file model20.pdb (PDB, C-alpha atoms, pLDDT in the B column)
ATOM      1  CA  MET K   1      17.634  23.684  -0.719  1.00 45.00           C
ATOM      2  CA  GLN K   2      14.810  24.668  -3.059  1.00 51.00           C
ATOM      3  CA  SER K   3      15.851  27.492  -5.370  1.00 51.00           C
ATOM      4  CA  SER K   4      13.723  30.611  -5.005  1.00 54.00           C
ATOM      5  CA  SER K   5      13.425  30.731  -8.795  1.00 72.00           C
ATOM      6  CA  THR K   6      12.070  27.167  -9.040  1.00 78.00           C
ATOM      7  CA  PRO K   7       8.354  26.851  -8.265  1.00 87.00           C
ATOM      8  CA  LEU K   8       7.283  24.051  -5.953  1.00 92.00           C
ATOM      9  CA  PRO K   9       5.819  21.123  -7.892  1.00 97.00           C
ATOM     10  CA  ASP K  10       2.081  20.531  -7.922  1.00 97.00           C
ATOM     11  CA  VAL K  11       2.672  16.853  -8.635  1.00 98.00           C
ATOM     12  CA  SER K  12       5.650  14.502  -8.756  1.00 98.00           C
ATOM     13  CA  VAL K  13       5.977  11.664 -11.258  1.00 98.00           C
ATOM     14  CA  ILE K  14       8.294   8.727 -10.605  1.00 98.00           C
ATOM     15  CA  LEU K  15       9.828   7.291 -13.779  1.00 98.00           C
ATOM     16  CA  PRO K  16      11.870   4.151 -12.973  1.00 96.00           C
ATOM     17  CA  CYS K  17      14.467   3.645 -15.742  1.00 94.00           C
ATOM     18  CA  ALA K  18      17.085   1.586 -13.918  1.00 88.00           C
ATOM     19  CA  GLY K  19      15.917  -1.860 -15.024  1.00 81.00           C
ATOM     20  CA  HIS K  20      18.037  -3.969 -17.367  1.00 72.00           C
ATOM     21  CA  GLY K  21      15.100  -5.164 -19.469  1.00 58.00           C
ATOM     22  CA  THR K  22      16.627  -8.558 -20.173  1.00 48.00           C
ATOM     23  CA  ARG K  23      13.320  -9.902 -21.551  1.00 52.00           C
ATOM     24  CA  PHE K  24      13.321  -7.188 -24.210  1.00 49.00           C
ATOM     25  CA  GLY K  25      16.327  -8.763 -25.909  1.00 54.00           C
ATOM     26  CA  ALA K  26      17.632  -5.722 -27.835  1.00 63.00           C
ATOM     27  CA  PRO K  27      21.063  -4.043 -27.610  1.00 64.00           C
ATOM     28  CA  TYR K  28      19.504  -0.771 -26.444  1.00 75.00           C
ATOM     29  CA  PRO K  29      17.142   0.178 -23.578  1.00 84.00           C
ATOM     30  CA  LYS K  30      13.589  -0.962 -24.176  1.00 87.00           C
ATOM     31  CA  GLU K  31      12.219   2.536 -23.586  1.00 94.00           C
ATOM     32  CA  LEU K  32      14.271   3.882 -26.518  1.00 93.00           C
ATOM     33  CA  HIS K  33      12.722   1.494 -29.041  1.00 92.00           C
ATOM     34  CA  CYS K  34      11.377   3.614 -31.933  1.00 93.00           C
ATOM     35  CA  LEU K  35       7.659   3.428 -32.686  1.00 93.00           C
ATOM     36  CA  ALA K  36       7.785   6.150 -35.350  1.00 93.00           C
ATOM     37  CA  PRO K  37      10.484   8.489 -36.680  1.00 94.00           C
ATOM     38  CA  GLY K  38      11.746  10.427 -33.669  1.00 92.00           C
ATOM     39  CA  VAL K  39       9.188   8.843 -31.304  1.00 95.00           C
ATOM     40  CA  THR K  40      10.243   6.208 -28.780  1.00 96.00           C
ATOM     41  CA  VAL K  41       8.328   4.057 -26.313  1.00 96.00           C
ATOM     42  CA  LEU K  42       9.506   6.478 -23.632  1.00 97.00           C
ATOM     43  CA  ASP K  43       7.991   9.436 -25.484  1.00 97.00           C
ATOM     44  CA  ARG K  44       4.681   7.626 -25.757  1.00 96.00           C
ATOM     45  CA  SER K  45       4.721   6.649 -22.087  1.00 96.00           C
ATOM     46  CA  LEU K  46       5.256  10.293 -21.132  1.00 97.00           C
ATOM     47  CA  GLU K  47       2.368  11.675 -23.192  1.00 96.00           C
ATOM     48  CA  ALA K  48       0.015  11.696 -20.205  1.00 96.00           C
ATOM     49  CA  VAL K  49       2.702  13.427 -18.113  1.00 97.00           C
ATOM     50  CA  VAL K  50       3.170  16.081 -20.803  1.00 97.00           C
ATOM     51  CA  GLU K  51      -0.579  16.621 -20.626  1.00 96.00           C
ATOM     52  CA  LEU K  52      -0.237  17.417 -16.910  1.00 97.00           C
ATOM     53  CA  ALA K  53       2.211  20.195 -17.758  1.00 97.00           C
ATOM     54  CA  LYS K  54      -0.052  21.478 -20.546  1.00 97.00           C
ATOM     55  CA  SER K  55      -2.898  21.731 -18.024  1.00 96.00           C
ATOM     56  CA  GLY K  56      -0.836  24.259 -16.059  1.00 97.00           C
ATOM     57  CA  LEU K  57       0.551  21.995 -13.340  1.00 97.00           C
ATOM     58  CA  GLN K  58       4.168  22.242 -12.242  1.00 97.00           C
ATOM     59  CA  VAL K  59       5.430  18.688 -12.772  1.00 98.00           C
ATOM     60  CA  ARG K  60       8.541  17.257 -11.139  1.00 98.00           C
ATOM     61  CA  LEU K  61       9.776  14.185 -13.016  1.00 98.00           C
ATOM     62  CA  VAL K  62      11.939  12.003 -10.772  1.00 98.00           C
ATOM     63  CA  VAL K  63      13.941   9.680 -13.006  1.00 98.00           C
ATOM     64  CA  VAL K  64      15.592   6.650 -11.390  1.00 96.00           C
ATOM     65  CA  PHE K  65      18.478   5.312 -13.467  1.00 94.00           C
ATOM     66  CA  GLY K  66      21.723   3.332 -13.451  1.00 90.00           C
ATOM     67  CA  THR K  67      24.995   3.852 -15.282  1.00 87.00           C
ATOM     68  CA  HIS K  68      23.780   1.567 -18.085  1.00 87.00           C
ATOM     69  CA  LYS K  69      20.958   4.022 -18.852  1.00 89.00           C
ATOM     70  CA  LEU K  70      22.911   7.175 -19.736  1.00 92.00           C
ATOM     71  CA  SER K  71      21.409   7.078 -23.244  1.00 94.00           C
ATOM     72  CA  THR K  72      17.961   7.325 -21.662  1.00 95.00           C
ATOM     73  CA  VAL K  73      19.102  10.286 -19.551  1.00 94.00           C
ATOM     74  CA  SER K  74      20.365  11.956 -22.731  1.00 95.00           C
ATOM     75  CA  HIS K  75      17.060  11.332 -24.515  1.00 96.00           C
ATOM     76  CA  LEU K  76      15.118  12.981 -21.693  1.00 97.00           C
ATOM     77  CA  ALA K  77      16.915  16.279 -22.347  1.00 97.00           C
ATOM     78  CA  ARG K  78      14.150  17.055 -24.838  1.00 97.00           C
ATOM     79  CA  TYR K  79      11.790  17.498 -21.865  1.00 98.00           C
ATOM     80  CA  ALA K  80      13.966  19.988 -19.963  1.00 96.00           C
ATOM     81  CA  ASP K  81      11.570  22.844 -20.733  1.00 96.00           C
ATOM     82  CA  THR K  82       8.467  20.788 -19.924  1.00 97.00           C
ATOM     83  CA  PHE K  83       9.210  19.330 -16.471  1.00 97.00           C
ATOM     84  CA  GLN K  84      11.361  19.958 -13.449  1.00 97.00           C
ATOM     85  CA  MET K  85      13.620  16.938 -13.806  1.00 97.00           C
ATOM     86  CA  VAL K  86      15.512  15.225 -11.003  1.00 97.00           C
ATOM     87  CA  PHE K  87      17.810  12.256 -11.703  1.00 97.00           C
ATOM     88  CA  VAL K  88      18.460   9.727  -8.960  1.00 96.00           C
ATOM     89  CA  TYR K  89      20.722   6.670  -9.033  1.00 94.00           C
ATOM     90  CA  GLN K  90      18.911   3.581  -7.802  1.00 92.00           C
ATOM     91  CA  ASP K  91      20.041   2.948  -4.238  1.00 88.00           C
ATOM     92  CA  GLU K  92      20.840  -0.785  -4.161  1.00 84.00           C
ATOM     93  CA  SER K  93      20.312  -0.819  -0.391  1.00 86.00           C
ATOM     94  CA  PHE K  94      16.613  -0.403  -1.178  1.00 88.00           C
ATOM     95  CA  GLY K  95      16.693  -3.419  -3.495  1.00 82.00           C
ATOM     96  CA  SER K  96      17.467  -3.865  -7.164  1.00 81.00           C
ATOM     97  CA  GLY K  97      13.888  -4.284  -8.325  1.00 90.00           C
ATOM     98  CA  LEU K  98      11.101  -1.866  -9.188  1.00 94.00           C
ATOM     99  CA  ASP K  99      10.159  -1.454  -5.532  1.00 95.00           C
ATOM    100  CA  GLY K 100      13.741  -0.378  -4.815  1.00 95.00           C
ATOM    101  CA  ALA K 101      13.602   2.154  -7.633  1.00 96.00           C
ATOM    102  CA  ILE K 102      10.441   3.664  -6.179  1.00 97.00           C
ATOM    103  CA  ARG K 103      12.023   3.890  -2.717  1.00 96.00           C
ATOM    104  CA  SER K 104      15.035   5.631  -4.255  1.00 96.00           C
ATOM    105  CA  ALA K 105      12.762   8.256  -5.828  1.00 97.00           C
ATOM    106  CA  LEU K 106      10.386   8.954  -2.947  1.00 98.00           C
ATOM    107  CA  PRO K 107      12.657  11.361  -1.006  1.00 97.00           C
ATOM    108  CA  MET K 108      12.666  13.668  -4.047  1.00 97.00           C
ATOM    109  CA  THR K 109       8.887  13.777  -4.468  1.00 98.00           C
ATOM    110  CA  GLN K 110       6.546  16.470  -3.257  1.00 97.00           C
ATOM    111  CA  GLY K 111       2.793  16.702  -3.517  1.00 97.00           C
ATOM    112  CA  PRO K 112       0.625  13.948  -5.013  1.00 98.00           C
ATOM    113  CA  VAL K 113       2.712  11.270  -6.714  1.00 98.00           C
ATOM    114  CA  ALA K 114       2.150   9.338  -9.919  1.00 98.00           C
ATOM    115  CA  LEU K 115       4.010   6.192 -10.963  1.00 98.00           C
ATOM    116  CA  VAL K 116       4.614   5.961 -14.713  1.00 98.00           C
ATOM    117  CA  LEU K 117       6.619   3.099 -16.220  1.00 96.00           C
ATOM    118  CA  PRO K 118       8.834   3.890 -19.226  1.00 96.00           C
ATOM    119  CA  ASP K 119       7.977   0.667 -21.059  1.00 94.00           C
ATOM    120  CA  ILE K 120       4.190   0.861 -20.641  1.00 95.00           C
ATOM    121  CA  VAL K 121       2.082   2.762 -23.184  1.00 95.00           C
ATOM    122  CA  VAL K 122      -1.595   3.527 -22.657  1.00 95.00           C
ATOM    123  CA  THR K 123      -3.607   3.348 -25.874  1.00 93.00           C
ATOM    124  CA  GLY K 124      -7.006   4.327 -27.188  1.00 89.00           C
ATOM    125  CA  PRO K 125      -9.012   7.541 -27.526  1.00 84.00           C
ATOM    126  CA  ASP K 126      -8.978  10.183 -24.778  1.00 81.00           C
ATOM    127  CA  THR K 127      -6.034   8.558 -22.959  1.00 87.00           C
ATOM    128  CA  GLN K 128      -3.690  11.522 -22.647  1.00 87.00           C
ATOM    129  CA  GLY K 129      -5.861  13.155 -19.985  1.00 93.00           C
ATOM    130  CA  LYS K 130      -6.370   9.999 -17.926  1.00 95.00           C
ATOM    131  CA  LEU K 131      -3.470  10.657 -15.573  1.00 97.00           C
ATOM    132  CA  LEU K 132      -4.828  14.118 -14.834  1.00 96.00           C
ATOM    133  CA  ASP K 133      -8.219  12.528 -14.118  1.00 96.00           C
ATOM    134  CA  ALA K 134      -6.530   9.989 -11.843  1.00 97.00           C
ATOM    135  CA  LEU K 135      -4.812  12.728  -9.853  1.00 97.00           C
ATOM    136  CA  ARG K 136      -8.147  14.472  -9.377  1.00 96.00           C
ATOM    137  CA  GLN K 137      -9.613  11.226  -8.046  1.00 96.00           C
ATOM    138  CA  VAL K 138      -6.969  10.842  -5.336  1.00 96.00           C
ATOM    139  CA  GLU K 139      -8.261  13.995  -3.684  1.00 90.00           C
ATOM    140  CA  VAL K 140     -11.298  11.913  -2.682  1.00 90.00           C
ATOM    141  CA  ALA K 141     -10.198   8.269  -2.808  1.00 93.00           C
ATOM    142  CA  GLY K 142      -6.512   8.521  -1.861  1.00 97.00           C
ATOM    143  CA  TRP K 143      -5.467   6.116  -4.637  1.00 98.00           C
ATOM    144  CA  SER K 144      -6.415   5.738  -8.299  1.00 98.00           C
ATOM    145  CA  VAL K 145      -5.233   3.676 -11.231  1.00 98.00           C
ATOM    146  CA  VAL K 146      -5.390   3.927 -15.002  1.00 98.00           C
ATOM    147  CA  ALA K 147      -6.234   0.393 -16.075  1.00 97.00           C
ATOM    148  CA  ALA K 148      -7.293  -1.791 -19.002  1.00 97.00           C
ATOM    149  CA  GLU K 149      -9.584  -4.802 -19.001  1.00 97.00           C
ATOM    150  CA  GLU K 150      -7.806  -8.128 -19.421  1.00 97.00           C
ATOM    151  CA  ARG K 151      -8.989 -11.736 -19.094  1.00 95.00           C
ATOM    152  CA  ASP K 152      -5.967 -13.632 -20.419  1.00 96.00           C
ATOM    153  CA  HIS K 153      -4.283 -15.383 -17.507  1.00 97.00           C
ATOM    154  CA  ASP K 154      -0.830 -15.425 -19.088  1.00 95.00           C
ATOM    155  CA  THR K 155      -0.941 -11.649 -19.512  1.00 94.00           C
ATOM    156  CA  LEU K 156      -2.213 -11.072 -15.988  1.00 96.00           C
ATOM    157  CA  ARG K 157       0.659 -13.146 -14.573  1.00 95.00           C
ATOM    158  CA  GLN K 158       3.098 -10.611 -16.047  1.00 93.00           C
ATOM    159  CA  MET K 159       1.353  -7.439 -14.897  1.00 95.00           C
ATOM    160  CA  GLY K 160      -0.065  -5.607 -11.916  1.00 96.00           C
ATOM    161  CA  ALA K 161      -3.369  -7.477 -11.845  1.00 97.00           C
ATOM    162  CA  LEU K 162      -6.601  -5.962 -10.584  1.00 98.00           C
ATOM    163  CA  ALA K 163     -10.104  -7.161  -9.781  1.00 98.00           C
ATOM    164  CA  VAL K 164     -12.207  -4.190 -10.882  1.00 98.00           C
ATOM    165  CA  THR K 165     -15.857  -3.964  -9.861  1.00 97.00           C
ATOM    166  CA  GLU K 166     -18.570  -1.349 -10.336  1.00 95.00           C
ATOM    167  CA  THR K 167     -20.581   0.031  -7.441  1.00 85.00           C
ATOM    168  CA  GLY K 168     -22.962   2.922  -7.879  1.00 87.00           C
ATOM    169  CA  GLY K 169     -21.500   3.778 -11.249  1.00 90.00           C
ATOM    170  CA  VAL K 170     -17.942   4.000  -9.881  1.00 94.00           C
ATOM    171  CA  LEU K 171     -15.245   1.488 -10.792  1.00 97.00           C
ATOM    172  CA  THR K 172     -13.020   0.466  -7.895  1.00 97.00           C
ATOM    173  CA  VAL K 173     -10.319  -2.119  -7.232  1.00 97.00           C
ATOM    174  CA  GLY K 174     -11.578  -4.990  -5.099  1.00 96.00           C
ATOM    175  CA  ALA K 175      -8.232  -6.794  -5.049  1.00 97.00           C
ATOM    176  CA  ALA K 176      -4.751  -6.254  -6.478  1.00 97.00           C
ATOM    177  CA  ALA K 177      -1.585  -8.315  -6.859  1.00 96.00           C
ATOM    178  CA  ASP K 178       1.648  -7.814  -8.773  1.00 95.00           C
ATOM    179  CA  LYS K 179       2.330 -10.676 -11.206  1.00 94.00           C
ATOM    180  CA  PRO K 180       0.035 -13.130  -9.407  1.00 95.00           C
ATOM    181  CA  GLY K 181       0.805 -16.830  -9.655  1.00 94.00           C
ATOM    182  CA  ASN K 182      -2.916 -17.515  -9.706  1.00 95.00           C
ATOM    183  CA  PRO K 183      -4.674 -14.815 -11.762  1.00 96.00           C
ATOM    184  CA  SER K 184      -8.179 -16.234 -11.251  1.00 96.00           C
ATOM    185  CA  GLY K 185     -10.562 -13.513 -10.164  1.00 95.00           C
ATOM    186  CA  PHE K 186      -8.583 -10.693 -11.788  1.00 98.00           C
ATOM    187  CA  ASN K 187     -10.009  -8.906 -14.820  1.00 98.00           C
ATOM    188  CA  ALA K 188      -7.703  -5.935 -15.489  1.00 98.00           C
ATOM    189  CA  TYR K 189      -4.221  -4.546 -14.974  1.00 98.00           C
ATOM    190  CA  TRP K 190      -2.869  -1.093 -14.262  1.00 98.00           C
ATOM    191  CA  GLY K 191      -0.695   1.136 -16.425  1.00 97.00           C
ATOM    192  CA  MET K 192      -0.336   4.210 -14.177  1.00 98.00           C
ATOM    193  CA  VAL K 193      -0.904   4.819 -10.478  1.00 98.00           C
ATOM    194  CA  ALA K 194      -1.673   8.044  -8.607  1.00 98.00           C
ATOM    195  CA  VAL K 195      -1.626   8.578  -4.842  1.00 98.00           C
ATOM    196  CA  THR K 196      -1.815  11.374  -2.287  1.00 98.00           C
ATOM    197  CA  GLU K 197       1.350  12.744  -0.743  1.00 97.00           C
ATOM    198  CA  ASN K 198       0.461  11.243   2.646  1.00 97.00           C
ATOM    199  CA  GLU K 199       0.102   7.735   1.189  1.00 97.00           C
ATOM    200  CA  ALA K 200       3.014   7.868  -1.263  1.00 98.00           C
ATOM    201  CA  HIS K 201       5.311   5.981   1.121  1.00 97.00           C
ATOM    202  CA  ARG K 202       3.240   2.868   0.353  1.00 97.00           C
ATOM    203  CA  LEU K 203       3.935   2.997  -3.397  1.00 97.00           C
ATOM    204  CA  PRO K 204       6.666   0.308  -3.238  1.00 97.00           C
ATOM    205  CA  ASP K 205       4.045  -2.129  -1.904  1.00 96.00           C
ATOM    206  CA  VAL K 206       2.146  -1.800  -5.193  1.00 97.00           C
ATOM    207  CA  VAL K 207       4.877  -3.882  -6.877  1.00 95.00           C
ATOM    208  CA  GLY K 208       6.095  -5.785  -3.825  1.00 88.00           C
ATOM    209  CA  ARG K 209       5.537  -9.373  -2.757  1.00 80.00           C
ATOM    210  CA  GLY K 210       4.352 -10.523   0.633  1.00 76.00           C
ATOM    211  CA  THR K 211       2.758  -7.171   1.479  1.00 82.00           C
ATOM    212  CA  THR K 212      -0.785  -5.883   1.473  1.00 91.00           C
ATOM    213  CA  ASN K 213      -1.316  -4.185  -1.879  1.00 96.00           C
ATOM    214  CA  PRO K 214      -2.514  -0.612  -1.264  1.00 97.00           C
ATOM    215  CA  LEU K 215      -4.389  -0.472  -4.583  1.00 97.00           C
ATOM    216  CA  THR K 216      -7.334  -2.286  -2.999  1.00 96.00           C
ATOM    217  CA  GLY K 217     -10.092   0.318  -2.845  1.00 95.00           C
ATOM    218  CA  ALA K 218      -8.532   2.579  -5.480  1.00 97.00           C
ATOM    219  CA  VAL K 219     -10.684   4.251  -8.124  1.00 97.00           C
ATOM    220  CA  ALA K 220     -10.115   2.675 -11.546  1.00 98.00           C
ATOM    221  CA  LEU K 221     -10.151   4.748 -14.730  1.00 97.00           C
ATOM    222  CA  MET K 222     -10.378   2.419 -17.708  1.00 96.00           C
ATOM    223  CA  VAL K 223      -8.667   2.841 -21.080  1.00 96.00           C
ATOM    224  CA  GLN K 224      -8.879   0.820 -24.271  1.00 95.00           C
ATOM    225  CA  GLY K 225      -5.514  -0.864 -23.919  1.00 95.00           C
ATOM    226  CA  ILE K 226      -2.105  -0.913 -22.271  1.00 95.00           C
ATOM    227  CA  VAL K 227       0.939  -2.176 -24.170  1.00 94.00           C
ATOM    228  CA  ASN K 228       3.881  -3.646 -22.273  1.00 92.00           C
ATOM    229  CA  TYR K 229       7.097  -3.248 -24.290  1.00 89.00           C
ATOM    230  CA  ASN K 230       9.230  -5.245 -21.863  1.00 78.00           C
ATOM    231  CA  THR K 231       8.876  -8.299 -24.087  1.00 59.00           C
ATOM    232  CA  PRO K 232      11.175  -9.961 -26.615  1.00 47.00           C
ATOM    233  CA  MET K 233      11.437  -8.157 -29.937  1.00 44.00           C
TER
END

call {"tool": "encode", "arguments": {"input": "model20.pdb", "output": "structure tokens"}}
result
Amino acid sequence: MQSSSTPLPDVSVILPCAGHGTRFGAPYPKELHCLAPGVTVLDRSLEAVVELAKSGLQVRLVVVFGTHKLSTVSHLARYADTFQMVFVYQDESFGSGLDGAIRSALPMTQGPVALVLPDIVVTGPDTQGKLLDALRQVEVAGWSVVAAEERDHDTLRQMGALAVTETGGVLTVGAAADKPGNPSGFNAYWGMVAVTENEAHRLPDVVGRGTTNPLTGAVALMVQGIVNYNTPM
């Protein structure tokens, strides 16, 4: 039951932290890798979410984790005064992958939903407000993505690849595939996703295989770069 003293969220953000990050190759979670004194990859990935709270929105952060990620849970205590935080164990009946993590989180979301990955950092000028811009776009388009241009096929094979086109001054996604075997025709990849409450149930299909990717038709908001820290150190 919702506490009468806790305001309803204006937006929910899913933060999947249950992955093992075996490609990262370090003895600690990839999201806790330090980029500067006291600043981790996780802190950088949450900068756009912090900006939502600074704008006046009530943000519910739904963190999906496993028992091997208790250090990440502890680190997130620094955001207790910034977000409403809900912690959810990944339900293995939904699958052990990222799509399963999203399904585990969805019952705890309310309002428009954003998907933010703890090992992905958006870079470049004016990036902190991009997630807020993306959430404004879903009011019209239903879906939006924060994306970066990319032509390297090896990179696109490891990411959520997009074919972004411009029509009437608006950038939209013509096609989307998660880690495509054949990246020909794709020219960008996403770093954050935003969707309306009514369409949020389709979020797992964004990272699923053998399903129609719902990002087709989404508005694309471009940034200078997106860094994936789930790589060997």

call {"tool": "closest_atom_pairs", "arguments": {"input": "model20.pdb", "of": "range 103-140 of chain K", "to": "range 64-72 of chain K", "cutoff": "10 Å", "atoms": "all atoms listed in the file", "output": "CSV"}}
result
residue,atom,partner,partner_atom,distance
K:Arg103,CA,K:Val64,CA,9.8
K:Ser104,CA,K:Val64,CA,7.2
K:Ala105,CA,K:Val64,CA,6.4

call {"tool": "closest_residue", "arguments": {"input": "model20.pdb", "among": "K:Gln158, K:Val145, K:Thr216, K:Tyr79", "to": "Val116 in chain K", "atoms": "all atoms listed in the file"}}
result
K:Val145

call {"tool": "atom_distance", "arguments": {"input": "model20.pdb", "atom1": "CA of Val63 in chain K", "atom2": "CA of Trp190 in chain K"}}
result
20.0 Å

call {"tool": "closest_residue", "arguments": {"input": "model20.pdb", "among": "K:Leu15, K:Pro183, K:Ala114, K:Ala36", "to": "Tyr89 in chain K", "atoms": "only C-alpha atoms"}}
result
K:Leu15

call {"tool": "resolve_selection", "arguments": {"input": "model20.pdb", "expression": "the PyMOL selection byres ((chain K and resi 99) around 8)", "output": "PyMOL selection string"}}
result
chain K and resi 94-98+100-103+203-205+207-208

call {"tool": "write_last_selection", "arguments": {"input": "model20.pdb", "atoms": "C-alpha atoms", "output": "compact mmCIF listing (two decimals), keeping the file's coordinate frame"}}
result
# COMPACT_ATOMS: atom_id res chain seq x y z
CA PHE K 94 16.61 -0.40 -1.18
CA GLY K 95 16.69 -3.42 -3.50
CA SER K 96 17.47 -3.86 -7.16
CA GLY K 97 13.89 -4.28 -8.32
CA LEU K 98 11.10 -1.87 -9.19
CA GLY K 100 13.74 -0.38 -4.82
CA ALA K 101 13.60 2.15 -7.63
CA ILE K 102 10.44 3.66 -6.18
CA ARG K 103 12.02 3.89 -2.72
CA LEU K 203 3.94 3.00 -3.40
CA PRO K 204 6.67 0.31 -3.24
CA ASP K 205 4.04 -2.13 -1.90
CA VAL K 207 4.88 -3.88 -6.88
CA GLY K 208 6.10 -5.78 -3.82

call {"tool": "atom_distance", "arguments": {"input": "model20.pdb", "atom1": "CA of Val62 in chain K", "atom2": "CA of Val13 in chain K"}}
result
6.0 Å

call {"tool": "closest_residue", "arguments": {"input": "model20.pdb", "among": "K:Gln137, K:Thr127, K:Thr212, K:Asn182", "to": "Ala48 in chain K", "atoms": "all atoms listed in the file"}}
result
K:Thr127

call {"tool": "closest_residue", "arguments": {"input": "model20.pdb", "among": "K:Gln58, K:Thr211, K:Thr196, K:Thr155", "to": "Met85 in chain K", "atoms": "only C-alpha atoms"}}
result
K:Gln58

call {"tool": "closest_atom_pairs", "arguments": {"input": "model20.pdb", "of": "range 28-51 of chain K", "to": "range 220-229 of chain K", "cutoff": "10 Å", "atoms": "only C-alpha atoms", "output": "Markdown table"}}
result
| residue | atom | partner | partner_atom | distance |
| --- | --- | --- | --- | --- |
| K:Lys30 | CA | K:Tyr229 | CA | 6.9 |
| K:Glu31 | CA | K:Tyr229 | CA | 7.8 |
| K:His33 | CA | K:Tyr229 | CA | 8.8 |
| K:Val41 | CA | K:Tyr229 | CA | 7.7 |
| K:Ser45 | CA | K:Val227 | CA | 9.8 |

call {"tool": "residues_around", "arguments": {"input": "model20.pdb", "residues": "Thr109 in chain K", "least_positions_apart": "6", "cutoff": "9 Å", "atoms": "all atoms listed in the file", "output": "list in words"}}
result
Pro9, Val11, Ser12, Val13, Ile14, Arg60, Leu61, Val62, Glu197 and Ala200 of chain K

call {"tool": "resolve_selection", "arguments": {"input": "model20.pdb", "expression": "the PyMOL selection byres ((chain K and resi 180) around 9)", "output": "list in words"}}
result
Leu156, Arg157, Gln158, Met159, Gly160, Ala161, Ala176, Ala177, Asp178, Lys179, Gly181, Asn182, Pro183 and Ser184 of chain K
